[in-house]
Each structure stands twice: as C-alpha cells, then as structure tokens.
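J.: Coordinates in structure09.txt, compact mmCIF, C-alpha atoms, are listed below.
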```txt
# COMPACT_ATOMS: atom_id res chain seq x y z
CA MET A 1 55.36 4.20 -29.59
CA ASN A 2 53.21 7.10 -30.53
CA ARG A 3 49.99 7.24 -28.62
CA PRO A 4 47.27 9.76 -29.33
CA LYS A 5 46.78 12.34 -26.62
CA PRO A 6 43.44 12.10 -24.88
CA THR A 7 41.24 15.00 -25.86
CA TYR A 8 39.55 16.75 -22.99
CA PHE A 9 37.05 19.46 -23.60
CA ARG A 10 36.59 22.10 -20.95
CA ASN A 11 32.91 22.55 -21.63
CA SER A 12 31.82 18.91 -21.74
CA LEU A 13 31.53 16.40 -18.95
CA ASP A 14 33.27 13.06 -19.21
CA LEU A 15 30.52 10.76 -17.93
CA ARG A 16 33.02 7.91 -17.49
CA SER A 17 34.91 9.94 -14.86
CA LYS A 18 33.29 9.39 -11.48
CA VAL A 19 35.18 12.36 -10.02
CA GLN A 20 33.88 14.86 -12.59
CA VAL A 21 30.31 13.61 -12.19
CA LYS A 22 30.48 13.72 -8.40
CA ILE A 23 31.94 17.24 -8.31
CA LEU A 24 29.39 18.70 -10.70
CA ARG A 25 26.47 16.90 -9.04
CA LYS A 26 27.48 18.19 -5.61
CA ARG A 27 28.10 21.71 -6.93
CA LEU A 28 24.61 21.81 -8.38
CA LYS A 29 23.13 20.14 -5.27
CA LEU A 30 21.31 17.43 -7.22
CA SER A 31 20.44 13.86 -6.35
CA ASP A 32 21.68 10.98 -8.49
CA GLU A 33 18.29 10.59 -10.15
CA GLN A 34 17.90 14.30 -10.90
CA PHE A 35 21.39 14.48 -12.34
CA ALA A 36 20.83 11.41 -14.52
CA ASN A 37 17.55 12.83 -15.86
CA ILE A 38 19.17 16.16 -16.70
CA VAL A 39 22.12 14.51 -18.47
CA ARG A 40 19.76 12.25 -20.40
CA LYS A 41 17.72 15.28 -21.46
CA SER A 42 20.41 17.87 -22.20
CA GLY A 43 23.57 15.87 -22.96
CA SER A 44 27.07 16.14 -21.56
CA SER A 45 27.61 19.89 -21.97
CA ILE A 46 28.33 21.46 -18.59
CA SER A 47 26.59 24.71 -19.50
CA ALA A 48 23.47 22.85 -20.66
CA ILE A 49 23.41 20.79 -17.46
CA THR A 50 23.79 23.93 -15.32
CA LYS A 51 21.05 25.72 -17.23
CA GLU A 52 18.68 22.77 -16.93
CA ALA A 53 19.45 22.41 -13.20
CA SER A 54 18.64 26.08 -12.62
CA THR A 55 15.19 25.64 -14.18
CA LEU A 56 14.65 22.59 -11.99
CA LYS A 57 15.00 24.54 -8.76
```
Take the structure from the file and write it as structure tokens.

T.:
Amino acid sequence: MNRPKPTYFRNSLDLRSKVQVKILRKRLKLSDEQFANIVRKSGSSISAITKEASTLK
C-alpha cells in the first residue's frame, strides 16, 4: 500500500509530540503555563516562540 509520508517542517513545532515540546520548553527555560501562553499567542513557529520568550525575560 502507498502511504503518504508524514511532512515535518523544521521551523514549526509539532504540538502533539511531547518530546519536541519538552525539549523546546526546557531549552527556553519556561514553565508549562508560560510556554502554553506563548504558543497560544504566537503559534507553532519555533522562531516566533523563541522571539516571544526572549521578550518575556
């Protein structure tokens, strides 16, 4: 059977992946609440999350 390949984008965060979320949250040194607020505000783009986290500190 032909199955479509999963598409992964290097610059966006897969919010369903607990590992990706945990790694990025720890790298940015954010709490769960802070991370959730930033993602809600800026979306799933890693660069947007990083930029928003830098203004938070």

J.: So what do you get for atom CA of A:Ser12 versus atom CA of A:Thr50, distance-wise?

T.: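 Between atom CA of A:Ser12 and atom CA of A:Thr50 the gap is 11.4 Å.
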
J.: What does the distance between atom CA of A:Leu28 and atom CA of A:Pro6 come to in Å, to one decimal place?

T.: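 Atom CA of A:Leu28 sits 26.9 Å away from atom CA of A:Pro6.
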
J.: In Å, how far is it from atom CA of A:Leu13 to atom CA of A:Ser44?

T.: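 Between atom CA of A:Leu13 and atom CA of A:Ser44 the gap is 5.2 Å.
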
J.: Return the single residue from A:Ser31, A:Gln20, A:Thr55, A:Asn37 that is closest to A:Tyr8, with distances computed using all atoms listed in the file.

T.: A:Gln20
